[in-house]
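In what follows, a structure is listed as structure tokens, so that the remarks can point back to it.
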Amino acid sequence: MANATNSVSTPVNTSVSTSGSSTPASSTSFLKGSYMNLPPATRGLITVVGVGILVSIGFKVFKNVLGTVQGKVTPDKANKQEDQGWNNEVEILNQNPATRATISAAQASSFANSCHAAMDGYQTDEDALYNVFTNLKNNADFALLMSAYGSREISSGAWNPEPNFTGTLTGAITSECDATEKAKLNQILQSKGITSRV
């Protein structure tokens, strides 16, 4: 009689190694492990900074939502409204040959770029602003300049603690020029018979 041999089968491991890939669970575990291995003071600092960032973002979102619900005008919305107002002003003034703009849209764009460059960075080049305003001849020219400028960001300069200014040309001039410089710009406008002021 032949001896029966009992064969024991061992299961074959068919799983694929995932040592090179990361899953969200393993990434979270890694970050949590790394965080917990930090010294307590460092963990506390990271926690405080993280909570501060979240609170700041939450406050900004809440403020914007609340402003929208209450119908308040945000700075961006105000800038768009002012810009649209200047566009409308140009259209109205250009309908009458006596009040039509004397500068082209391309010239207005060039003047707007010059104004922006004059105020961008650490120092304001007042003479460049005076030069632009001297080239304006009437209300339509001024409105065209304002429309071409739109809303732009003025840098306060690298490492300057002053925040950058974002807004229209009149707002930028108020932010970047002192009372004497603004008065000179307004005198130039008045001498041209332009009724708007900065």
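Identifiers for the structure tokens are assigned positionally: chains receive A, B, ... in sequence, residues are indexed from 1 per chain, and ligands are indexed from 1 in the order shown.
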DSSP says strand (DSSP E) for which residues of range 4-192 of chain A? Put them as a JSON list (two decimals) with C-alpha atoms, in the first residue's frame?
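Heads up, here's the output in selection-v3.json:
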```json
[["chain", "number", "residue", "atom", "x", "y", "z"],
["A", 152, "ARG", "CA", -3.61, 99.19, -10.39],
["A", 153, "GLU", "CA", -1.33, 98.11, -7.58],
["A", 154, "ILE", "CA", 1.37, 100.52, -6.44],
["A", 165, "PHE", "CA", -1.86, 100.42, -2.54],
["A", 166, "THR", "CA", -4.40, 99.08, -5.02],
["A", 167, "GLY", "CA", -6.88, 101.47, -6.57]]
```
* Asked: Asn113 in chain A: which residues within 10 Å, counting only C-alpha atoms, same-chain residues fewer than 6 positions away excluded, as number ranges by chain?
  -> A: 107, 145, 148-149
* Do you know which residues are at most 9 Å from range 92-98 of chain A counting only C-alpha atoms, after dropping those on the same chain fewer than 5 positions away, and could you put them as a list in words? ->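 Close residues of range 92-98 of chain A: Asn87, Asn139 and Ala140 of chain A.
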Output C-alpha atoms for every residue in that selection, as a compact mmCIF listing (two decimals), in the first residue's frame.
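Final file, out-v5.txt:
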```txt
# COMPACT_ATOMS: atom_id res chain seq x y z
CA ASN A 87 -15.77 105.31 -19.26
CA ASN A 139 -12.22 117.14 -19.10
CA ALA A 140 -12.41 114.37 -21.71
```
* Just give me the gap between CA of Glu82 in chain A and CA of Ala143 in chain A in Å, one decimal is fine. =>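 Computed distance, CA of Glu82 in chain A to CA of Ala143 in chain A, equals 10.6 Å.
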* To do: Determine, counting only C-alpha atoms, which protein, DNA and RNA residues have an atom within 10 Å of an atom of Glu176 in chain A; residues of the same chain fewer than 5 positions away are not included. Present the result as a PyMOL selection string.
  => chain A and resi 118-120+122-126+154+156+165+170-171+181-182
* Asked: Of the candidates A:Ile188, A:Leu136, A:Leu31, A:Met36, which one gets nearest to Ala108 in chain A if we count only C-alpha atoms?
  ->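 Selected residue with least distance to Ala108 in chain A: A:Leu136.
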* May I ask which of the residues A:Asn135, A:Thr168, A:Thr99, A:Thr47 is the closest one to Gln81 in chain A, counting only C-alpha atoms? => A:Thr168
* Go ahead and compute the interatomic distance for CA of Gln187 in chain A and CA of Lys137 in chain A, in Å to one decimal. =>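 Straight-line distance from CA of Gln187 in chain A to CA of Lys137 in chain A works out to 13.2 Å.
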* Looking only at helix (DSSP H, G or I) from DSSP on the backbone, list the matching residues of range 87-180 of chain A as number ranges by chain. => A: 87-94, 105-119, 126-134, 139-149, 169-176, 179-180
* **Among listed residues A:Leu144, A:Ala158, A:Ala179, A:Ala41, nearest Glu89 in chain A (using only C-alpha atoms)** =>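 Closest residue, counting only C-alpha atoms: A:Leu144.
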With only C-alpha atoms as the counted atoms, please give the residues lying no more than 10 Å from Thr134 in chain A, apart from itself and same-chain residues fewer than 4 positions off, as a compact mmCIF listing (two decimals) with C-alpha atoms, in the first residue's frame.
```txt
# COMPACT_ATOMS: atom_id res chain seq x y z
CA ALA A 128 6.60 112.80 -14.22
CA LEU A 129 3.06 113.28 -12.83
CA TYR A 130 3.20 117.04 -13.49
CA LEU A 185 -1.48 118.79 -9.76
CA ILE A 188 -2.35 122.30 -13.47
CA LEU A 189 -5.85 120.88 -13.99
CA SER A 191 -5.17 126.09 -15.53
CA LYS A 192 -6.41 123.79 -18.33
```
